[in-house]
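Inspection log for the structure reproduced underneath, given as structure tokens.
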Amino acid sequence: MFTLSDDKYITAFSAEAVPVLRVPDGATVAVKTQDCYMNNLRAENDPRGAAKGPAVGCNPATGPIFIEDAMPGDTLACDILSIDAGEYASMRISSRAGFMRDRVTEPIVRCVPLRDGRAELAGVSMPLDPMIGVIGVAPERGAIDTATPGAHGGNMDARLITAGTTLYLPVHHEGALLALGDVHAKMGDGEMCICGLECPATVTLRVRVIRGRQEKWPVLKGTDGSFSILASGATLDEAAKLAADGMLDFLARRAAVDVNELILLMSLICHLEVCQVVDPLITARVRLEGGAMPELDF
């Protein structure tokens, strides 16, 4: 197994990014990640002690990883084997950022202990459900900062990217140049304040190259066998339509069913859901129920 430390990171996805690790097709990699604040956000009397630097909030993504034999036109399948969160997570709210900023009466920073698979906030105890906020490859053109989602992946903040799932990313450049970070120990759909339980973590994943075919948007295969199209746009309406069109294209390539019949089916067995509403672009997903069309696969 390959390992990658969290001091090797990028703040923008780009074909110009220099790989920090090269692995063969089919390799397993344990990737250590910083939280989105570079592990530096601190609450008053924080048990973690003083920060090593400013909480710049640049969403560092560990990598990029060059996957041998990955070429433009391919798909990179990322099997998420495990996500091991750290001992503490950070949260914040502000009247200057986030979906709920107009209701915030004072800024708050919290340090939340993560113990025995649970967290507690405001007297509410809840089970952890670690997920990856930022994961992507070099985009087709230019550079895209790690705070922004897109067709390359990036800061999609999709809470369904958890252990046991597979994320399929379109490859546009040799080696794919995979990077990931911004793990949340728990997050609700929408990420409504501005963050989840932001934590450092170790993500173990297997990378596989699927040659000669890809979808326009990232595709997620869930632990229940469901498939989701993850699309991002300037508005929620735009993201939702892109995700719906992406799902229709996904189904049309795999099912010998008339496109109009597929549209009818989508109203019955597909679900339009919100990933996040707080990033520079909004991310929505359309999820095909697990088991609804069991013959389908990527």
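By order of appearance in the structure tokens: chains A, B, ..., then residues from 1 within every chain, and ligands from 1 in the order shown.
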Within region 50-203 of chain A, find each residue whose DSSP state, derived from the backbone, is strand (DSSP E), and express the selection as a PyMOL selection string. chain A and resi 61-67+75-85+88-93+108-113+118-121+124-127+131-136+143-145+149-150+153-154+166-170+176-184+201-203
Would you mind listing what lies within 6 Å of region 282-287 of chain A as an MDAnalysis selection string, with only C-alpha atoms counted and same-chain residues fewer than 3 positions away left out? chainID A and resid 156 227:233 235:236 239:240 243:244 270:277
Would you kindly return, as number ranges by chain, each protein, DNA or RNA residue with an atom no farther than 8 Å from any atom of Met131 (chain A), considering only C-alpha atoms and excluding same-chain residues fewer than 5 positions away? A: 83, 158-163, 183-187
Those selected residues, please, written with C-alpha atoms and delivered as a PDB file, in the first residue's frame.
ATOM      1  CA  ILE A  83     -12.223   7.165   6.353  1.00  0.00           C
ATOM      2  CA  ALA A 158     -21.587  15.342  -1.102  1.00  0.00           C
ATOM      3  CA  ARG A 159     -22.287  13.588   2.190  1.00  0.00           C
ATOM      4  CA  LEU A 160     -22.749  10.269   0.371  1.00  0.00           C
ATOM      5  CA  ILE A 161     -19.013  10.026  -0.494  1.00  0.00           C
ATOM      6  CA  THR A 162     -18.329   7.686   2.412  1.00  0.00           C
ATOM      7  CA  ALA A 163     -16.529   4.415   3.101  1.00  0.00           C
ATOM      8  CA  VAL A 183     -13.105  15.496   5.339  1.00  0.00           C
ATOM      9  CA  HIS A 184     -16.141  15.967   7.561  1.00  0.00           C
ATOM     10  CA  ALA A 185     -16.820  13.652  10.496  1.00  0.00           C
ATOM     11  CA  LYS A 186     -20.490  14.445   9.886  1.00  0.00           C
ATOM     12  CA  MET A 187     -22.453  16.815   7.667  1.00  0.00           C
TER      13      MET A 187
END
Do you know which residues are at most 6 Å from Tyr88 (chain A) counting only C-alpha atoms, after dropping those on the same chain fewer than 5 positions away, and could you put them as a list in words? Val112, Pro113 and Leu114 of chain A
Kindly give the distance, in Å, that separates CA of Thr3 (chain A) and CA of Pro54 (chain A), rounded to a single decimal. 26.6 Å
Counting only C-alpha atoms, the residue of A:Pro218, A:Gly86, A:Pro294, A:Gly175 that sits nearest Pro24 (chain A):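 Looking at the shortest contact to Pro24 (chain A), the residue is A:Gly175.
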